[in-house]
Each structure stands twice: as C-alpha cells, then as structure tokens.
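What follows is the content of my_file.txt (compact mmCIF, C-alpha atoms).
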# COMPACT_ATOMS: atom_id res chain seq x y z
CA GLN Q 230 -12.47 13.82 -2.30
CA VAL Q 231 -9.45 11.73 -3.23
CA GLN Q 232 -9.59 9.11 -5.95
CA LEU Q 233 -7.03 6.30 -5.90
CA VAL Q 234 -6.24 3.92 -8.75
CA GLU Q 235 -3.89 0.97 -8.31
CA SER Q 236 -1.94 -0.70 -11.09
CA GLY Q 237 0.91 -3.15 -11.54
CA GLY Q 238 -0.64 -6.33 -10.23
CA GLY Q 239 -0.37 -9.61 -12.07
CA LEU Q 240 0.86 -13.18 -12.02
CA VAL Q 241 4.44 -13.87 -10.96
CA GLN Q 242 6.41 -16.92 -9.90
CA ALA Q 243 7.61 -17.36 -6.35
CA GLY Q 244 10.82 -15.44 -5.80
CA GLY Q 245 9.89 -12.84 -8.38
CA SER Q 246 9.13 -9.15 -8.06
CA LEU Q 247 6.33 -6.72 -8.84
CA ARG Q 248 5.91 -3.01 -8.34
CA LEU Q 249 2.48 -1.67 -7.55
CA SER Q 250 1.55 1.94 -8.18
CA CYS Q 251 -1.26 4.02 -6.74
CA ALA Q 252 -2.16 7.20 -8.60
CA ALA Q 253 -4.08 9.81 -6.64
CA SER Q 254 -6.27 12.64 -7.87
CA GLY Q 255 -8.76 15.10 -6.46
CA GLY Q 256 -6.86 16.13 -3.35
CA THR Q 257 -3.56 17.40 -1.99
CA PHE Q 258 -1.63 14.14 -2.15
CA GLY Q 259 1.26 15.43 -0.08
CA ARG Q 260 -1.04 15.98 2.91
CA TYR Q 261 -2.14 12.36 3.21
CA ALA Q 262 -0.47 9.44 4.87
CA MET Q 263 -0.64 6.49 2.51
CA GLY Q 264 -0.88 2.80 3.07
CA TRP Q 265 -1.13 -0.57 1.39
CA PHE Q 266 -3.40 -3.34 2.60
CA ARG Q 267 -4.19 -6.73 1.14
CA GLN Q 268 -6.98 -9.26 1.37
CA ALA Q 269 -6.79 -12.90 0.41
CA PRO Q 270 -9.92 -15.01 -0.21
CA GLY Q 271 -11.58 -15.95 3.05
CA LYS Q 272 -9.25 -13.79 5.11
CA GLU Q 273 -9.50 -10.41 6.77
CA ARG Q 274 -7.89 -7.33 5.28
CA GLU Q 275 -4.24 -7.19 6.37
CA PHE Q 276 -1.94 -4.21 6.82
CA VAL Q 277 1.07 -4.31 4.51
CA ALA Q 278 2.89 -0.97 4.71
CA ALA Q 279 2.40 2.72 5.41
CA ILE Q 280 4.24 5.92 4.67
CA SER Q 281 3.85 9.40 6.13
CA TRP Q 282 3.24 12.69 4.29
CA SER Q 283 6.84 13.41 3.43
CA GLY Q 284 7.97 9.81 3.28
CA VAL Q 285 10.29 10.21 6.26
CA ASN Q 286 8.39 7.58 8.25
CA THR Q 287 7.54 4.10 7.00
CA TYR Q 288 6.24 0.98 8.69
CA TYR Q 289 5.74 -2.59 7.52
CA GLY Q 290 3.71 -5.60 8.50
CA ASP Q 291 5.81 -8.43 9.91
CA SER Q 292 5.01 -10.74 7.01
CA VAL Q 293 6.53 -8.39 4.42
CA LYS Q 294 9.30 -6.70 6.36
CA GLY Q 295 12.60 -6.90 4.51
CA ARG Q 296 10.93 -7.89 1.22
CA PHE Q 297 8.59 -4.99 0.40
CA THR Q 298 9.41 -1.29 0.15
CA ILE Q 299 6.87 1.51 0.22
CA SER Q 300 7.66 4.87 -1.32
CA ARG Q 301 5.92 7.94 -2.70
CA ASP Q 302 6.53 10.71 -5.20
CA ASN Q 303 4.47 13.72 -4.12
CA ALA Q 304 5.31 15.56 -7.33
CA LYS Q 305 3.65 12.75 -9.30
CA ASN Q 306 0.83 12.13 -6.80
CA THR Q 307 1.82 8.48 -6.75
CA GLU Q 308 2.57 5.86 -4.14
CA TYR Q 309 4.52 2.68 -4.83
CA LEU Q 310 4.99 -0.76 -3.34
CA GLN Q 311 8.05 -2.64 -4.52
CA MET Q 312 7.56 -6.31 -3.75
CA ASN Q 313 10.57 -8.63 -3.92
CA SER Q 314 11.07 -12.29 -3.04
CA LEU Q 315 7.38 -12.91 -3.48
CA LYS Q 316 5.81 -15.97 -1.90
CA PRO Q 317 2.57 -17.79 -2.70
CA GLU Q 318 1.15 -16.51 0.58
CA ASP Q 319 1.48 -12.96 -0.76
CA THR Q 320 -1.37 -13.75 -3.18
CA ALA Q 321 -4.18 -11.28 -2.51
CA VAL Q 322 -5.97 -8.21 -3.75
CA TYR Q 323 -3.83 -5.23 -2.84
CA TYR Q 324 -5.45 -1.92 -1.95
CA CYS Q 325 -3.92 1.49 -1.55
CA ALA Q 326 -5.44 3.90 0.92
CA ALA Q 327 -5.10 7.53 1.99
CA SER Q 328 -5.44 8.91 5.49
CA SER Q 329 -5.77 12.49 6.72
CA LEU Q 330 -3.48 11.91 9.69
CA PRO Q 331 -1.34 14.65 11.24
CA VAL Q 332 1.89 15.53 9.51
CA ASP Q 333 4.36 12.65 9.29
CA SER Q 334 2.11 10.27 11.20
CA LEU Q 335 1.04 6.90 9.88
CA SER Q 336 -1.30 4.11 10.89
CA THR Q 337 -1.59 0.35 10.54
CA ARG Q 338 -5.36 0.43 11.15
CA SER Q 339 -7.63 0.33 8.13
CA SER Q 340 -10.24 2.34 10.03
CA ARG Q 341 -7.92 5.35 10.01
CA TYR Q 342 -7.90 5.52 6.22
CA ASN Q 343 -10.47 7.73 4.53
CA TYR Q 344 -10.06 6.80 0.87
CA TRP Q 345 -9.48 3.49 -0.86
CA GLY Q 346 -8.64 2.29 -4.34
CA GLN Q 347 -10.47 -0.49 -6.12
CA GLY Q 348 -7.65 -3.00 -5.63
CA THR Q 349 -5.28 -4.87 -7.90
CA GLN Q 350 -4.81 -8.64 -7.93
CA VAL Q 351 -1.41 -10.13 -7.17
CA THR Q 352 -1.01 -13.86 -7.72
CA VAL Q 353 2.19 -15.67 -6.84
CA SER Q 354 2.56 -19.19 -8.20
CA SER Q 355 4.71 -21.81 -6.53

How would this structure read if it were set down as structure tokens?
Amino acid sequence: QVQLVESGGGLVQAGGSLRLSCAASGGTFGRYAMGWFRQAPGKEREFVAAISWSGVNTYYGDSVKGRFTISRDNAKNTEYLQMNSLKPEDTAVYYCAASSLPVDSLSTRSSRYNYWGQGTQVTVSS
C-alpha cells in the first residue's frame, strides 16, 4: 500500500511559478509510474503529466506542455511538478498518483493509477 502526500500548493499571480511535491511511503517508489492530475470545480479530472519508473519517459497534457515539468527523485521517494507561467485556468486541486505499470511505461488515464494523494489547491489570480 502506497501513501501519497502532496504539498506546495497555494495562491499565485498569473505568470508566477509554483513547485508541487508528492512524498510517497509504504511501497517501492522506484517501481511506480507517477502522474499528476487536476480537477477544477465543476469539471472532470484532467491529466497533467506523467513520468515513468526511472524518469526517462515523460508526457504532458496539451494545456501545460512547455510550461510544466515533471520530475522524480527515487532516492527521496518524491515526485515534483514545476509549474511556470501559470494562468488562471490552471486553478484546480492537483493530485499525484502512482501506477504499477510495466517498467518505464506511463499512462494518461486516471483509471490506470492505483494510489492517489489527497490533493493540494493551486489558485492562480489574474
């Protein structure tokens, strides 16, 4: 059983930056593909970014490509999401998730993720 705890959310002005962290415990972190999803009020959960076991493969949703960077430190059991050039439409609750996919695979589908954090709020003011 993997436990995930997000941190780093907050209020930022448009054009600003935030870095989210996701600390994992209770499992072998390096054997899970990791992802970030977000959900705004009244909207469905949206894929943001994913990273494979070793970090060699990454993938981004179209709305964040070129602005967000996903990374991981397997020695620290932590995943990160660096968010730059934030826009008001990035406002949402951000969730990290872990998936027991095959080595160096990743997925954009929330149904492929086995474990989820509780979420952290990101609010971008205009």

Selection: 10 Å around Q:Gln311, only C-alpha atoms, excl. self and same-chain fewer than 2 positions, as a PDB file with C-alpha atoms, in the frame of the given file:
ATOM      1  CA  SER Q 246       9.130  -9.150  -8.060  1.00  0.00           C
ATOM      2  CA  LEU Q 247       6.330  -6.720  -8.840  1.00  0.00           C
ATOM      3  CA  ARG Q 248       5.910  -3.010  -8.340  1.00  0.00           C
ATOM      4  CA  LEU Q 249       2.480  -1.670  -7.550  1.00  0.00           C
ATOM      5  CA  SER Q 250       1.550   1.940  -8.180  1.00  0.00           C
ATOM      6  CA  ARG Q 296      10.930  -7.890   1.220  1.00  0.00           C
ATOM      7  CA  PHE Q 297       8.590  -4.990   0.400  1.00  0.00           C
ATOM      8  CA  THR Q 298       9.410  -1.290   0.150  1.00  0.00           C
ATOM      9  CA  ILE Q 299       6.870   1.510   0.220  1.00  0.00           C
ATOM     10  CA  SER Q 300       7.660   4.870  -1.320  1.00  0.00           C
ATOM     11  CA  TYR Q 309       4.520   2.680  -4.830  1.00  0.00           C
ATOM     12  CA  ASN Q 313      10.570  -8.630  -3.920  1.00  0.00           C
TER      13      ASN Q 313
END

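For the choices Q:Gln230, Q:Ser336, Q:Thr349, Q:Gln268, the atom-to-atom distance to Q:Thr287 is smallest for Q:Ser336 when using only C-alpha atoms.
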
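Considering all atoms listed in the file, the residue among Q:Lys316, Q:Arg341, Q:Lys305, Q:Arg260 positioned nearest to Q:Trp282 is Q:Arg260.
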
Between atom CA of Q:Asp291 and atom CA of Q:Thr337, distance in Å (one decimal):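 Distance reported for this atom pair: 11.5 Å.
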
Residue nearest Q:Tyr288 - candidates Q:Thr352, Q:Ser329, Q:Ser314, Q:Ser334, atoms counted: only C-alpha atoms: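 Among the listed residues, Q:Ser334 lies closest to Q:Tyr288.
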
Interatomic distance (Å, one decimal) between atom CA of Q:Arg301 and atom CA of Q:Ser354: 27.9 Å

Residue nearest Q:Tyr342 - candidates Q:Val322, Q:Val293, Q:Ala269, Q:Ala262, atoms counted: only C-alpha atoms: Q:Ala262

Within-12 Å shell of (1.3, -3.1, 7.0) in input frame, only C-alpha atoms, as a VMD selection string: chain Q and resid 263 to 268 274 to 280 287 to 294 297 to 299 310 323 to 326 335 to 339

Pick from Q:Leu240, Q:Ala252, Q:Ala321, Q:Leu330 nearest to Q:Glu308, counting all atoms listed in the file: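 Of the candidates, the smallest distance to Q:Glu308 is held by Q:Ala252.
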
Box in all listed atoms of stretch 333-351 of chain Q, axis-aligned, with 3 Å more on each side; write out centre and edge lengths in Å to one decimal as AutoDock Vina command-line options.
--center_x -3.1 --center_y 1.3 --center_z 1.6 --size_x 20.8 --size_y 28.8 --size_z 25.1
